[in-house]
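Visitor: my_file.cif is reproduced in full below (mmCIF, C-alpha atoms and all ligand atoms).
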data_input
#
loop_
_atom_site.group_PDB
_atom_site.id
_atom_site.type_symbol
_atom_site.label_atom_id
_atom_site.label_comp_id
_atom_site.auth_asym_id
_atom_site.auth_seq_id
_atom_site.Cartn_x
_atom_site.Cartn_y
_atom_site.Cartn_z
ATOM 1 C CA MET A 26 -28.714 2.206 -10.743
ATOM 2 C CA SER A 27 -30.042 2.747 -7.268
ATOM 3 C CA LEU A 28 -28.455 1.634 -4.010
ATOM 4 C CA PRO A 29 -27.963 -0.824 -2.465
ATOM 5 C CA PHE A 30 -26.499 -2.679 -5.431
ATOM 6 C CA THR A 31 -25.729 -6.417 -5.314
ATOM 7 C CA LEU A 32 -23.739 -8.498 -7.779
ATOM 8 C CA LEU A 33 -23.354 -12.260 -7.494
ATOM 9 C CA ILE A 34 -20.397 -13.901 -9.195
ATOM 10 C CA ASP A 35 -20.949 -17.474 -10.339
ATOM 11 C CA PRO A 36 -17.970 -19.735 -9.912
ATOM 12 C CA VAL A 37 -17.996 -22.231 -12.749
ATOM 13 C CA SER A 38 -14.901 -24.176 -11.890
ATOM 14 C CA VAL A 39 -12.613 -24.460 -8.953
ATOM 15 C CA ASP A 40 -9.624 -26.501 -7.962
ATOM 16 C CA SER A 41 -7.566 -26.534 -4.819
ATOM 17 C CA GLU A 42 -5.342 -23.634 -5.847
ATOM 18 C CA ARG A 43 -7.178 -21.422 -8.214
ATOM 19 C CA ILE A 44 -10.700 -20.345 -8.856
ATOM 20 C CA SER A 45 -11.899 -19.228 -12.243
ATOM 21 C CA PHE A 46 -15.233 -17.626 -12.866
ATOM 22 C CA ASP A 47 -17.691 -17.283 -15.660
ATOM 23 C CA ASP A 48 -17.363 -13.766 -17.032
ATOM 24 C CA THR A 49 -21.039 -13.152 -16.418
ATOM 25 C CA PHE A 50 -22.056 -11.250 -13.318
ATOM 26 C CA HIS A 51 -25.564 -11.499 -11.990
ATOM 27 C CA GLU A 52 -27.161 -8.318 -10.701
ATOM 28 C CA MET A 53 -29.539 -9.085 -7.872
ATOM 29 C CA ASP A 54 -32.411 -7.259 -6.288
ATOM 30 C CA SER A 55 -30.727 -6.365 -2.970
ATOM 31 C CA ALA A 56 -33.966 -7.033 -1.101
ATOM 32 C CA ALA A 57 -34.362 -10.517 -2.595
ATOM 33 C CA PRO A 58 -32.905 -13.703 -1.080
ATOM 34 C CA ALA A 59 -29.544 -14.449 -2.676
ATOM 35 C CA LEU A 60 -27.670 -16.930 -0.487
ATOM 36 C CA ARG A 61 -28.556 -20.494 0.452
ATOM 37 C CA VAL A 62 -29.251 -21.476 4.057
ATOM 38 C CA GLY A 63 -26.297 -23.870 3.987
ATOM 39 C CA GLU A 64 -23.861 -21.012 3.277
ATOM 40 C CA LEU A 65 -20.827 -21.377 5.517
ATOM 41 C CA SER A 66 -20.402 -17.603 5.509
ATOM 42 C CA ALA A 67 -23.757 -17.322 7.254
ATOM 43 C CA GLN A 68 -23.417 -20.421 9.421
ATOM 44 C CA ARG A 69 -19.807 -20.042 10.546
ATOM 45 C CA GLY A 70 -18.539 -16.694 9.324
ATOM 46 C CA ASP A 71 -16.269 -18.832 7.167
ATOM 47 C CA GLY A 72 -15.158 -16.509 4.426
ATOM 48 C CA ILE A 73 -13.219 -13.345 3.761
ATOM 49 C CA PHE A 74 -14.082 -9.853 2.598
ATOM 50 C CA GLU A 75 -12.849 -6.411 1.689
ATOM 51 C CA THR A 76 -14.572 -3.039 1.809
ATOM 52 C CA LEU A 77 -13.334 -0.315 -0.467
ATOM 53 C CA SER A 78 -14.516 3.228 -0.894
ATOM 54 C CA VAL A 79 -15.900 4.653 -4.131
ATOM 55 C CA VAL A 80 -15.607 8.455 -4.218
ATOM 56 C CA ASN A 81 -17.387 10.290 -7.047
ATOM 57 C CA GLY A 82 -17.176 7.194 -9.234
ATOM 58 C CA HIS A 83 -13.533 6.377 -8.382
ATOM 59 C CA PRO A 84 -12.911 3.073 -6.564
ATOM 60 C CA GLN A 85 -10.038 3.569 -4.100
ATOM 61 C CA GLU A 86 -7.002 1.295 -3.718
ATOM 62 C CA VAL A 87 -8.410 -1.560 -5.817
ATOM 63 C CA GLU A 88 -5.104 -3.425 -6.128
ATOM 64 C CA PRO A 89 -4.171 -3.305 -2.401
ATOM 65 C CA HIS A 90 -7.660 -4.568 -1.527
ATOM 66 C CA ILE A 91 -7.430 -7.424 -4.048
ATOM 67 C CA ALA A 92 -3.917 -8.250 -2.793
ATOM 68 C CA ARG A 93 -5.194 -8.413 0.786
ATOM 69 C CA LEU A 94 -8.125 -10.627 -0.301
ATOM 70 C CA ARG A 95 -5.536 -13.013 -1.764
ATOM 71 C CA ASP A 96 -3.503 -12.922 1.460
ATOM 72 C CA SER A 97 -6.631 -13.617 3.504
ATOM 73 C CA ALA A 98 -7.541 -16.510 1.182
ATOM 74 C CA GLU A 99 -4.108 -18.049 1.670
ATOM 75 C CA ILE A 100 -4.297 -17.744 5.462
ATOM 76 C CA CYS A 101 -7.775 -19.333 5.453
ATOM 77 C CA ASP A 102 -6.993 -22.131 2.944
ATOM 78 C CA LEU A 103 -9.580 -20.757 0.551
ATOM 79 C CA PRO A 104 -9.099 -20.984 -3.227
ATOM 80 C CA VAL A 105 -6.815 -18.119 -4.199
ATOM 81 C CA PRO A 106 -8.905 -15.389 -5.847
ATOM 82 C CA ASN A 107 -8.246 -14.597 -9.466
ATOM 83 C CA PRO A 108 -7.309 -10.873 -9.468
ATOM 84 C CA ALA A 109 -8.520 -10.257 -13.036
ATOM 85 C CA GLN A 110 -11.933 -11.604 -12.123
ATOM 86 C CA TRP A 111 -12.266 -9.363 -9.073
ATOM 87 C CA ARG A 112 -10.956 -6.323 -10.936
ATOM 88 C CA ALA A 113 -13.591 -6.926 -13.608
ATOM 89 C CA ALA A 114 -16.358 -7.402 -11.032
ATOM 90 C CA ILE A 115 -15.410 -4.163 -9.245
ATOM 91 C CA ALA A 116 -15.297 -2.249 -12.539
ATOM 92 C CA TYR A 117 -18.649 -3.736 -13.577
ATOM 93 C CA ALA A 118 -20.244 -2.633 -10.297
ATOM 94 C CA VAL A 119 -18.650 0.826 -10.234
ATOM 95 C CA ALA A 120 -19.844 1.566 -13.774
ATOM 96 C CA ARG A 121 -23.416 0.968 -12.564
ATOM 97 C CA LEU A 122 -23.178 2.944 -9.312
ATOM 98 C CA PRO A 123 -23.968 6.626 -8.726
ATOM 99 C CA GLN A 124 -21.011 8.720 -9.869
ATOM 100 C CA GLN A 125 -21.383 11.250 -7.052
ATOM 101 C CA GLY A 126 -20.765 10.945 -3.335
ATOM 102 C CA GLU A 127 -19.067 8.360 -1.136
ATOM 103 C CA LEU A 128 -20.063 4.687 -1.356
ATOM 104 C CA ALA A 129 -18.884 1.556 0.429
ATOM 105 C CA LEU A 130 -18.294 -1.444 -1.850
ATOM 106 C CA LYS A 131 -17.925 -4.715 -0.006
ATOM 107 C CA PHE A 132 -16.713 -7.860 -1.775
ATOM 108 C CA VAL A 133 -16.924 -11.277 -0.229
ATOM 109 C CA LEU A 134 -15.493 -14.727 -0.896
ATOM 110 C CA SER A 135 -17.210 -17.396 1.200
ATOM 111 C CA ARG A 136 -16.302 -21.059 1.508
ATOM 112 C CA GLY A 137 -19.703 -21.680 -0.030
ATOM 113 C CA VAL A 138 -22.347 -24.205 0.845
ATOM 114 C CA GLU A 139 -21.394 -27.127 3.083
ATOM 115 C CA SER A 140 -20.127 -29.957 0.827
ATOM 116 C CA GLY A 141 -20.918 -27.683 -2.096
ATOM 117 C CA PRO A 142 -18.861 -27.619 -5.248
ATOM 118 C CA ALA A 143 -17.415 -24.114 -5.020
ATOM 119 C CA PRO A 144 -17.059 -20.930 -3.010
ATOM 120 C CA THR A 145 -19.645 -18.191 -3.254
ATOM 121 C CA ALA A 146 -18.662 -14.671 -4.207
ATOM 122 C CA TRP A 147 -20.510 -11.390 -4.278
ATOM 123 C CA LEU A 148 -20.238 -7.625 -4.198
ATOM 124 C CA HIS A 149 -22.559 -5.283 -2.377
ATOM 125 C CA ALA A 150 -22.545 -1.488 -2.533
ATOM 126 C CA THR A 151 -24.274 0.961 -0.208
ATOM 127 C CA ARG A 152 -24.059 4.701 0.328
ATOM 128 C CA ALA A 153 -21.439 5.423 3.006
ATOM 129 C CA ALA A 154 -22.572 6.979 6.265
ATOM 130 C CA ASP A 155 -21.796 10.695 6.542
ATOM 131 C CA PHE A 156 -18.436 10.770 8.343
ATOM 132 C CA GLY A 157 -17.913 14.528 7.847
ATOM 133 C CA ALA A 158 -18.489 15.348 11.532
ATOM 134 C CA VAL A 159 -16.251 12.628 12.956
ATOM 135 C CA ARG A 160 -13.461 13.479 10.495
ATOM 136 C CA ALA A 161 -13.648 17.056 11.774
ATOM 137 C CA THR A 162 -13.917 16.370 15.513
ATOM 138 C CA GLY A 163 -12.202 12.994 16.048
ATOM 139 C CA VAL A 164 -13.029 10.058 18.303
ATOM 140 C CA ARG A 165 -12.739 9.214 22.000
ATOM 141 C CA VAL A 166 -10.932 5.894 22.258
ATOM 142 C CA VAL A 167 -10.479 3.261 24.949
ATOM 143 C CA THR A 168 -7.821 0.579 24.781
ATOM 144 C CA LEU A 169 -8.999 -3.022 25.074
ATOM 145 C CA ASP A 170 -6.946 -6.121 25.751
ATOM 146 C CA ARG A 171 -6.997 -8.400 22.671
ATOM 147 C CA GLY A 172 -6.178 -11.326 24.944
ATOM 148 C CA TYR A 173 -3.005 -12.413 23.149
ATOM 149 C CA PRO A 174 0.679 -11.526 23.492
ATOM 150 C CA ARG A 175 2.770 -10.107 20.659
ATOM 151 C CA GLY A 176 3.876 -12.882 18.281
ATOM 152 C CA VAL A 177 0.648 -14.861 18.584
ATOM 153 C CA ALA A 178 0.159 -15.078 14.804
ATOM 154 C CA GLU A 179 3.369 -17.072 14.353
ATOM 155 C CA ARG A 180 2.659 -19.376 17.278
ATOM 156 C CA ALA A 181 -1.007 -19.994 16.497
ATOM 157 C CA PRO A 182 -1.705 -19.401 12.784
ATOM 158 C CA TRP A 183 -5.065 -21.184 13.123
ATOM 159 C CA LEU A 184 -6.364 -18.087 14.916
ATOM 160 C CA LEU A 185 -6.326 -16.489 11.438
ATOM 161 C CA MET A 186 -5.089 -13.200 12.848
ATOM 162 C CA GLY A 187 -4.097 -11.030 9.917
ATOM 163 C CA ALA A 188 -6.855 -12.389 7.662
ATOM 164 C CA LYS A 189 -9.901 -10.220 7.023
ATOM 165 C CA THR A 190 -12.450 -12.905 7.780
ATOM 166 C CA LEU A 191 -16.206 -12.516 7.974
ATOM 167 C CA SER A 192 -16.047 -13.364 11.694
ATOM 168 C CA TYR A 193 -16.322 -9.799 12.994
ATOM 169 C CA ALA A 194 -18.408 -10.623 16.076
ATOM 170 C CA ILE A 195 -15.426 -9.917 18.357
ATOM 171 C CA ASN A 196 -14.707 -6.623 16.603
ATOM 172 C CA MET A 197 -18.335 -5.547 16.980
ATOM 173 C CA ALA A 198 -18.370 -6.623 20.645
ATOM 174 C CA ALA A 199 -15.298 -4.446 21.226
ATOM 175 C CA LEU A 200 -17.097 -1.441 19.754
ATOM 176 C CA ARG A 201 -20.067 -2.060 22.065
ATOM 177 C CA GLU A 202 -17.678 -2.252 25.009
ATOM 178 C CA ALA A 203 -16.174 1.076 23.919
ATOM 179 C CA THR A 204 -19.657 2.600 23.924
ATOM 180 C CA ARG A 205 -20.338 1.183 27.387
ATOM 181 C CA ARG A 206 -17.156 2.904 28.557
ATOM 182 C CA GLY A 207 -18.317 6.238 27.129
ATOM 183 C CA ALA A 208 -16.049 6.171 24.075
ATOM 184 C CA ASP A 209 -16.579 6.068 20.307
ATOM 185 C CA ASP A 210 -13.972 3.519 19.305
ATOM 186 C CA THR A 211 -11.241 1.263 20.612
ATOM 187 C CA ILE A 212 -7.637 0.285 20.019
ATOM 188 C CA PHE A 213 -6.701 -3.335 20.726
ATOM 189 C CA VAL A 214 -3.503 -3.935 22.691
ATOM 190 C CA THR A 215 -1.603 -7.177 23.251
ATOM 191 C CA THR A 216 -1.461 -8.666 26.736
ATOM 192 C CA ASP A 217 2.159 -7.453 26.896
ATOM 193 C CA GLY A 218 1.254 -3.848 26.128
ATOM 194 C CA TYR A 219 1.767 -3.344 22.385
ATOM 195 C CA VAL A 220 -0.597 -1.362 20.186
ATOM 196 C CA MET A 221 -2.364 -3.461 17.532
ATOM 197 C CA GLU A 222 -5.241 -1.886 15.563
ATOM 198 C CA GLY A 223 -8.844 -0.782 15.902
ATOM 199 C CA PRO A 224 -11.665 -3.280 15.266
ATOM 200 C CA THR A 225 -12.212 -1.648 11.855
ATOM 201 C CA SER A 226 -9.167 0.594 11.444
ATOM 202 C CA SER A 227 -5.368 0.871 11.527
ATOM 203 C CA VAL A 228 -3.494 3.054 13.982
ATOM 204 C CA ILE A 229 -1.024 5.759 12.918
ATOM 205 C CA VAL A 230 0.910 7.574 15.642
ATOM 206 C CA ARG A 231 3.230 10.570 15.242
ATOM 207 C CA ILE A 232 6.230 10.259 17.569
ATOM 208 C CA ASP A 233 8.837 13.035 17.452
ATOM 209 C CA GLY A 234 7.746 13.967 13.935
ATOM 210 C CA VAL A 235 7.884 10.376 12.582
ATOM 211 C CA TYR A 236 4.633 8.739 11.441
ATOM 212 C CA VAL A 237 4.651 5.246 12.903
ATOM 213 C CA THR A 238 2.290 2.296 12.538
ATOM 214 C CA PRO A 239 2.516 -1.095 14.260
ATOM 215 C CA ALA A 240 4.402 -3.502 11.991
ATOM 216 C CA PRO A 241 1.894 -5.802 10.217
ATOM 217 C CA ASN A 242 3.521 -8.931 11.675
ATOM 218 C CA GLY A 243 0.632 -11.280 11.036
ATOM 219 C CA ALA A 244 -1.493 -10.359 14.034
ATOM 220 C CA ILE A 245 -3.079 -7.281 12.452
ATOM 221 C CA LEU A 246 -4.326 -6.319 9.015
ATOM 222 C CA HIS A 247 -2.070 -4.362 6.734
ATOM 223 C CA GLY A 248 -4.397 -1.396 6.174
ATOM 224 C CA THR A 249 -4.793 -0.072 2.654
ATOM 225 C CA THR A 250 -5.546 3.450 3.947
ATOM 226 C CA GLN A 251 -2.448 3.441 6.153
ATOM 227 C CA GLN A 252 -0.355 2.297 3.171
ATOM 228 C CA SER A 253 -1.816 5.036 0.997
ATOM 229 C CA LEU A 254 -1.096 7.695 3.657
ATOM 230 C CA PHE A 255 2.474 6.435 4.088
ATOM 231 C CA GLU A 256 2.977 6.753 0.300
ATOM 232 C CA TYR A 257 1.635 10.306 0.482
ATOM 233 C CA LEU A 258 3.915 11.199 3.402
ATOM 234 C CA ARG A 259 6.979 9.561 1.824
ATOM 235 C CA ALA A 260 6.392 11.514 -1.392
ATOM 236 C CA GLN A 261 6.721 14.690 0.680
ATOM 237 C CA GLY A 262 9.887 13.507 2.377
ATOM 238 C CA VAL A 263 8.127 13.008 5.721
ATOM 239 C CA PRO A 264 9.581 10.080 7.703
ATOM 240 C CA VAL A 265 7.396 7.001 8.208
ATOM 241 C CA GLU A 266 8.159 3.797 10.054
ATOM 242 C CA TYR A 267 6.743 0.321 10.688
ATOM 243 C CA ARG A 268 7.661 -0.881 14.166
ATOM 244 C CA ASP A 269 6.279 -2.060 17.482
ATOM 245 C CA VAL A 270 4.500 0.713 19.371
ATOM 246 C CA THR A 271 4.004 0.452 23.111
ATOM 247 C CA LEU A 272 0.930 1.690 24.897
ATOM 248 C CA SER A 273 2.972 4.339 26.713
ATOM 249 C CA GLU A 274 4.327 5.623 23.374
ATOM 250 C CA LEU A 275 0.753 5.912 22.140
ATOM 251 C CA ARG A 276 -0.290 7.876 25.217
ATOM 252 C CA GLU A 277 2.585 10.332 24.769
ATOM 253 C CA ALA A 278 2.363 10.676 20.959
ATOM 254 C CA ASP A 279 2.372 14.098 19.215
ATOM 255 C CA ALA A 280 -0.874 12.993 17.551
ATOM 256 C CA SER A 281 -2.623 9.763 16.585
ATOM 257 C CA TRP A 282 -5.237 8.648 14.097
ATOM 258 C CA LEU A 283 -7.492 5.715 13.297
ATOM 259 C CA VAL A 284 -7.574 5.229 9.542
ATOM 260 C CA SER A 285 -9.793 3.048 7.366
ATOM 261 C CA SER A 286 -11.155 2.860 3.845
ATOM 262 C CA VAL A 287 -14.584 4.428 4.266
ATOM 263 C CA ARG A 288 -14.414 6.591 7.426
ATOM 264 C CA LEU A 289 -10.870 7.657 6.385
ATOM 265 C CA ALA A 290 -8.665 9.439 8.964
ATOM 266 C CA VAL A 291 -10.042 10.403 12.376
ATOM 267 C CA SER A 292 -8.036 11.961 15.197
ATOM 268 C CA VAL A 293 -7.875 10.232 18.561
ATOM 269 C CA THR A 294 -8.912 12.968 20.982
ATOM 270 C CA THR A 295 -8.954 11.033 24.275
ATOM 271 C CA LEU A 296 -7.449 7.703 25.307
ATOM 272 C CA ASP A 297 -8.986 5.873 28.271
ATOM 273 C CA GLY A 298 -10.511 9.183 29.368
ATOM 274 C CA ALA A 299 -7.290 11.226 29.222
ATOM 275 C CA PRO A 300 -6.878 13.978 26.609
ATOM 276 C CA MET A 301 -4.545 13.183 23.702
ATOM 277 C CA ARG A 302 -2.509 15.623 21.656
ATOM 278 C CA THR A 303 -4.141 16.159 18.246
ATOM 279 C CA ASP A 304 -3.214 17.732 14.924
ATOM 280 C CA PHE A 305 -6.427 18.512 13.078
ATOM 281 C CA ALA A 306 -4.568 20.356 10.319
ATOM 282 C CA VAL A 307 -2.906 17.047 9.427
ATOM 283 C CA SER A 308 -6.231 15.166 9.770
ATOM 284 C CA ASN A 309 -7.774 17.564 7.242
ATOM 285 C CA GLU A 310 -4.790 17.211 4.937
ATOM 286 C CA PHE A 311 -5.002 13.405 5.160
ATOM 287 C CA ASN A 312 -8.713 13.407 4.343
ATOM 288 C CA SER A 313 -8.354 15.871 1.445
ATOM 289 C CA TYR A 314 -5.680 13.632 -0.009
ATOM 290 C CA LEU A 315 -7.708 10.440 0.552
ATOM 291 C CA LEU A 316 -10.875 11.926 -0.965
ATOM 292 C CA GLY A 317 -8.979 13.301 -3.968
ATOM 293 C CA ARG A 318 -7.452 10.015 -5.149
ATOM 294 C CA THR A 319 -8.460 9.331 -8.753
ATOM 295 C CA ASP A 320 -5.751 6.961 -9.939
ATOM 296 C CA ASN A 321 -7.640 3.701 -9.456
HETATM 297 N N1 LIG B 401 -7.874 -3.372 10.772
HETATM 298 C C1 LIG B 401 -9.081 -3.964 10.796
HETATM 299 C C2 LIG B 401 -9.352 -5.032 11.800
HETATM 300 C C3 LIG B 401 -10.079 -3.598 9.881
HETATM 301 O O1 LIG B 401 -11.273 -4.205 9.904
HETATM 302 C C4 LIG B 401 -9.797 -2.569 8.932
HETATM 303 C C5 LIG B 401 -10.813 -2.160 7.960
HETATM 304 O O2 LIG B 401 -11.948 -2.538 8.025
HETATM 305 C C6 LIG B 401 -8.548 -1.961 8.954
HETATM 306 C C7 LIG B 401 -7.599 -2.387 9.879
HETATM 307 C C8 LIG B 401 -8.213 -0.842 8.012
HETATM 308 O O3 LIG B 401 -8.043 -1.328 6.717
HETATM 309 P P1 LIG B 401 -8.339 -0.467 5.444
HETATM 310 O O4 LIG B 401 -7.564 0.811 5.581
HETATM 311 O O5 LIG B 401 -7.825 -1.297 4.317
HETATM 312 O O6 LIG B 401 -9.799 -0.216 5.381
#
Could the structure of this file be written out as structure tokens, please?
Guide:
Amino acid sequence: MSLPFTLLIDPVSVDSERISFDDTFHEMDSAAPALRVGELSAQRGDGIFETLSVVNGHPQEVEPHIARLRDSAEICDLPVPNPAQWRAAIAYAVARLPQQGELALKFVLSRGVESGPAPTAWLHATRAADFGAVRATGVRVVTLDRGYPRGVAERAPWLLMGAKTLSYAINMAALREATRRGADDTIFVTTDGYVMEGPTSSVIVRIDGVYVTPAPNGAILHGTTQQSLFEYLRAQGVPVEYRDVTLSELREADASWLVSSVRLAVSVTTLDGAPMRTDFAVSNEFNSYLLGRTDN
């Protein structure tokens, strides 16, 4: 099967709590129209998604991605996805994809058509961009104010912070701002100076030998790649910690990384124009581990 590959999932019944699907998946011509104009995903970005990596035919971290899709659905008052259905859809797609190289497999659950009977769901696979160079050389990062203080998710849950919604316009705008400032990527910080996450990545910082990531307290996504790296580090007896990280701790860290499912681990080489300490040996180790996972 050639790429891109698109699979539509037909919901046949839905109630307020649970969605169940027909077990038939519909392969689509990726160039052909597939969604209706009234789709709320297209009109309002009203839906949720996940992107997982497929490396040499192995889908990575399937269960953490499905678990996060369920969390996002709950935050957004969407019907809670049926894990067995999504597992089957991912397996169906992966069996039809090229078994060599790195692919990005996105899966989406939209609120569906306005006043329509059910959500819309689909999977879409493309070949991943070649991130070899950036994994080897790292990224220049600027910090950007996210506009909210720490604790915003509890005070204003309707902001849907912590859900992976389709509304990524802000995240993309932040990346453009980073480019305007001569950088490659950005790290969001709260108005009171705490590190959050990148627009498409989690932050891991090494402070005095401890690998630290900002606690997923509802305002940021709990990254599947970060979780996988923490498992790897724990298995080697290396200390890891979830806690608040201040901007000054980030600036003074032994090393820091942006990590995400498809680009994997990239070193932060400069922060707001100032050089950062790096550890490329660890970056390489992280990426070898991430690329070698075959247990999903
Ligand atoms: N935070 C945000 C806002 C993201 O969009 C992503 C991934 O796209 C991540 C963190 C990293 O998550 P994962 O490692 O599961 O890809």
Visitor: Give me, as a PyMOL selection string, the set of residues whose atoms come within 10 Å of any atom of ligand LIG 401 (chain B), counting all atoms listed in the file.
Guide: chain A and resi 74-78+85-86+89-90+93+186-191+193+196+212-213+221-228+244-254+283-290
Visitor: Please list as a VMD selection string every residue within 8 Å of His83 of chain A, counting all atoms listed in the file and excluding residues in the same chain fewer than 3 positions away.
Guide: chain A and resid 79 to 80 119 124 318 to 321
Visitor: Could you list as a list in words every residue that has an atom within 12 Å of (-15.4, -20.1, 9.6), using the file's coordinates and counting only C-alpha atoms?
Guide: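 Here the neighbourhood of the point contains Glu64, Leu65, Ser66, Ala67, Gln68, Arg69, Gly70, Asp71, Gly72, Ile73, Cys101, Asp102, Leu103, Leu134, Ser135, Arg136, Gly137, Val138, Glu139, Trp183, Leu184, Leu185, Ala188, Lys189, Thr190, Leu191, Ser192, Tyr193 and Ala194 of chain A.
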Visitor: Do you have the atom CA of Arg152 of chain A-atom CA of Val167 of chain A distance handy?
Guide: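 It comes out at 28.2 Å.
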Visitor: With the file shown as input, list the residues that the PyMOL selection byres (((chain A and resi 163) around 10) and not hetatm) selects, as a list of chain:residue names.
Guide: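 Written out, the selection comes to A:Ala158, A:Val159, A:Arg160, A:Ala161, A:Thr162, A:Val164, A:Arg165, A:Val166, A:Asp209, A:Trp282, A:Leu283, A:Ala290, A:Val291, A:Ser292, A:Val293, A:Thr294, A:Thr295, A:Thr303, A:Phe305, A:Ser308.
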Visitor: Quick one: residues within 6 Å of segment 233-237 of chain A, all atoms listed in the file counted, chain neighbours fewer than 6 positions away excluded, as a list in words?
Guide: Pro264, Val265, Glu266 and Tyr267 of chain A
Visitor: Would you work out the distance separating atom CA of Ala56 of chain A from atom CA of Pro142 of chain A, expressed in Å to one decimal?
Guide: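 Separation of atom CA of Ala56 of chain A and atom CA of Pro142 of chain A: 25.9 Å.
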Visitor: How far is it from atom CA of Ala118 of chain A to atom CA of Pro106 of chain A, in Å with one decimal?
Guide: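 According to the coordinates, atom CA of Ala118 of chain A and atom CA of Pro106 of chain A are separated by 17.6 Å.
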Visitor: I would like the residues chosen by the PyMOL selection byres (((chain A and resi 111) around 10) and not hetatm) on the shown file; could you give them as a list in words?
Guide: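 Applied to this file, the PyMOL selection byres (((chain A and resi 111) around 10) and not hetatm) selects Ile34, Phe46, Val87, Glu88, Ile91, Leu94, Pro106, Asn107, Pro108, Ala109, Gln110, Arg112, Ala113, Ala114, Ile115, Ala116, Tyr117, Phe132, Ala146, Trp147 and Leu148 of chain A.
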